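Structure first, then comments.
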Amino acid sequence: MIRSELVQKLCDDHPDLTAKEIERVVSAFFESIIGQLQKGGRVELRGFGAFSTRERDARKGRNPRTGDTVDVSAKRVPYFKPGKEMRERLNLQDAPEA
């Protein structure tokens with residue numbers, strides 16, 4: 001699902017709200033998560049999962065086109081850990097029949 005599909009789904013589920021209002025809500029939601037991660041924080045949505053960042057050390061990489069060695073700088077990358085409820089719902093079909 002892409003962002004526009006999410007907005008459309010919410011529009012279908014909430015006909016009392018305009019598409020612009022829903023787009024503002026979705027944007028505010030994502031901006032809040034990004035802002036918290038930029039500050040080094042963590043965002044936890046119970047039953048869904050948790051967003052955080054992880055540190056990557058500087059390393060030597062390789063240019064796939066030329067094969068030359070390049071320096072890759074240290075950076076923070078986003079990380080998502082799914083919640084227990086999400087994992088269970090994703091694996092319902094794997095549950096043994098009673």
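Identifiers in this document derive from the order of the structure tokens: chains are assigned A, B, ..., residues are numbered from 1 separately in each chain, and ligands are numbered from 1 in order of occurrence.
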For stretch 32-43 of chain A: contacts at 8 Å, only C-alpha atoms, fewer than 2 positions along chain excluded, given as a ChimeraX atom specification:
/A:28-30,45,50-53,78
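Nearest to A:Pro82 of all the residues A:Ser4, A:Asp12, A:Val26, A:Glu44 is A:Glu44, based on only C-alpha atoms.
For the pair atom CA of A:Pro15 and atom CA of A:Gly49, the separation is 28.0 Å.
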Would you kindly return, as a ChimeraX atom specification, each protein, DNA or RNA residue with an atom no farther than 10 Å from any atom of A:Val7, considering only C-alpha atoms and excluding same-chain residues fewer than 2 positions away?
/A:2-5,9-13,19-27
Determine which residues of stretch 8-94 of chain A receive a DSSP assignment of alpha helix (DSSP H), computed from the backbone, and state them as a ChimeraX atom specification.
/A:8-13,19-38,84-90
Using the selection just defined, write its residues with N, CA and C atoms as a JSON list (two decimals), in the first residue's frame.
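File written: result.json
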[["chain", "number", "residue", "atom", "x", "y", "z"],
["A", 8, "GLN", "N", -6.83, 7.20, 0.40],
["A", 8, "GLN", "CA", -8.09, 6.81, -0.23],
["A", 8, "GLN", "C", -8.88, 5.86, 0.66],
["A", 9, "LYS", "N", -8.20, 4.89, 1.29],
["A", 9, "LYS", "CA", -8.87, 3.94, 2.19],
["A", 9, "LYS", "C", -9.50, 4.68, 3.36],
["A", 10, "LEU", "N", -8.77, 5.64, 3.94],
["A", 10, "LEU", "CA", -9.32, 6.42, 5.04],
["A", 10, "LEU", "C", -10.48, 7.29, 4.58],
["A", 11, "CYS", "N", -10.42, 7.81, 3.36],
["A", 11, "CYS", "CA", -11.54, 8.59, 2.81],
["A", 11, "CYS", "C", -12.78, 7.70, 2.68],
["A", 12, "ASP", "N", -12.58, 6.48, 2.22],
["A", 12, "ASP", "CA", -13.70, 5.55, 2.08],
["A", 12, "ASP", "C", -14.30, 5.18, 3.43],
["A", 13, "ASP", "N", -13.43, 5.02, 4.45],
["A", 13, "ASP", "CA", -13.88, 4.64, 5.78],
["A", 13, "ASP", "C", -14.51, 5.79, 6.56],
["A", 19, "ALA", "N", -10.83, 14.77, 1.74],
["A", 19, "ALA", "CA", -9.53, 14.19, 1.38],
["A", 19, "ALA", "C", -8.40, 15.07, 1.89],
["A", 20, "LYS", "N", -8.57, 16.38, 1.84],
["A", 20, "LYS", "CA", -7.53, 17.30, 2.33],
["A", 20, "LYS", "C", -7.32, 17.14, 3.84],
["A", 21, "GLU", "N", -8.41, 16.99, 4.59],
["A", 21, "GLU", "CA", -8.29, 16.79, 6.04],
["A", 21, "GLU", "C", -7.56, 15.49, 6.34],
["A", 22, "ILE", "N", -7.90, 14.44, 5.64],
["A", 22, "ILE", "CA", -7.26, 13.15, 5.87],
["A", 22, "ILE", "C", -5.79, 13.21, 5.48],
["A", 23, "GLU", "N", -5.48, 13.89, 4.38],
["A", 23, "GLU", "CA", -4.09, 14.04, 3.96],
["A", 23, "GLU", "C", -3.29, 14.79, 5.02],
["A", 24, "ARG", "N", -3.88, 15.80, 5.64],
["A", 24, "ARG", "CA", -3.20, 16.54, 6.71],
["A", 24, "ARG", "C", -2.95, 15.64, 7.93],
["A", 25, "VAL", "N", -3.92, 14.80, 8.26],
["A", 25, "VAL", "CA", -3.76, 13.88, 9.39],
["A", 25, "VAL", "C", -2.64, 12.88, 9.11],
["A", 26, "VAL", "N", -2.65, 12.29, 7.91],
["A", 26, "VAL", "CA", -1.61, 11.32, 7.54],
["A", 26, "VAL", "C", -0.24, 12.00, 7.55],
["A", 27, "SER", "N", -0.15, 13.20, 7.00],
["A", 27, "SER", "CA", 1.12, 13.93, 6.99],
["A", 27, "SER", "C", 1.60, 14.23, 8.40],
["A", 28, "ALA", "N", 0.69, 14.67, 9.26],
["A", 28, "ALA", "CA", 1.06, 14.98, 10.64],
["A", 28, "ALA", "C", 1.54, 13.72, 11.36],
["A", 29, "PHE", "N", 0.89, 12.60, 11.10],
["A", 29, "PHE", "CA", 1.28, 11.33, 11.72],
["A", 29, "PHE", "C", 2.72, 10.96, 11.32],
["A", 30, "PHE", "N", 3.00, 11.00, 10.02],
["A", 30, "PHE", "CA", 4.34, 10.64, 9.56],
["A", 30, "PHE", "C", 5.39, 11.65, 10.02],
["A", 31, "GLU", "N", 5.05, 12.93, 9.99],
["A", 31, "GLU", "CA", 5.99, 13.96, 10.44],
["A", 31, "GLU", "C", 6.32, 13.81, 11.92],
["A", 32, "SER", "N", 5.33, 13.42, 12.72],
["A", 32, "SER", "CA", 5.57, 13.19, 14.15],
["A", 32, "SER", "C", 6.55, 12.05, 14.37],
["A", 33, "ILE", "N", 6.37, 10.98, 13.62],
["A", 33, "ILE", "CA", 7.29, 9.83, 13.74],
["A", 33, "ILE", "C", 8.69, 10.24, 13.32],
["A", 34, "ILE", "N", 8.81, 10.92, 12.17],
["A", 34, "ILE", "CA", 10.12, 11.34, 11.67],
["A", 34, "ILE", "C", 10.79, 12.29, 12.66],
["A", 35, "GLY", "N", 10.03, 13.25, 13.19],
["A", 35, "GLY", "CA", 10.60, 14.21, 14.15],
["A", 35, "GLY", "C", 11.13, 13.53, 15.39],
["A", 36, "GLN", "N", 10.40, 12.56, 15.91],
["A", 36, "GLN", "CA", 10.85, 11.84, 17.10],
["A", 36, "GLN", "C", 12.12, 11.03, 16.80],
["A", 37, "LEU", "N", 12.17, 10.39, 15.63],
["A", 37, "LEU", "CA", 13.36, 9.62, 15.26],
["A", 37, "LEU", "C", 14.56, 10.52, 15.05],
["A", 38, "GLN", "N", 14.36, 11.72, 14.49],
["A", 38, "GLN", "CA", 15.45, 12.67, 14.30],
["A", 38, "GLN", "C", 16.07, 13.07, 15.63],
["A", 84, "LYS", "N", 3.99, -7.84, 19.02],
["A", 84, "LYS", "CA", 3.55, -9.23, 19.21],
["A", 84, "LYS", "C", 2.22, -9.50, 18.51],
["A", 85, "GLU", "N", 1.26, -8.58, 18.68],
["A", 85, "GLU", "CA", -0.06, -8.76, 18.08],
["A", 85, "GLU", "C", 0.04, -8.83, 16.55],
["A", 86, "MET", "N", 0.88, -7.98, 15.95],
["A", 86, "MET", "CA", 1.03, -8.00, 14.49],
["A", 86, "MET", "C", 1.65, -9.33, 14.05],
["A", 87, "ARG", "N", 2.68, -9.77, 14.73],
["A", 87, "ARG", "CA", 3.32, -11.05, 14.37],
["A", 87, "ARG", "C", 2.31, -12.19, 14.46],
["A", 88, "GLU", "N", 1.50, -12.20, 15.50],
["A", 88, "GLU", "CA", 0.51, -13.26, 15.67],
["A", 88, "GLU", "C", -0.53, -13.22, 14.55],
["A", 89, "ARG", "N", -1.00, -12.04, 14.20],
["A", 89, "ARG", "CA", -2.00, -11.92, 13.13],
["A", 89, "ARG", "C", -1.43, -12.30, 11.78],
["A", 90, "LEU", "N", -0.16, -12.01, 11.54],
["A", 90, "LEU", "CA", 0.46, -12.38, 10.28],
["A", 90, "LEU", "C", 0.64, -13.88, 10.14]]
What gap, in Å, lies between atom CA of A:Lys75 and atom CA of A:Asn63?
18.4 Å
So that I can see what lies close to A:Asp71, please list as a ChimeraX atom specification the residues with an atom at most 10 Å from it, counting only C-alpha atoms and leaving out residues fewer than 3 positions away in the same chain.
/A:58-63,74
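Atom to atom, atom CA of A:Arg46 and atom CA of A:Asn91 stand 17.9 Å apart.
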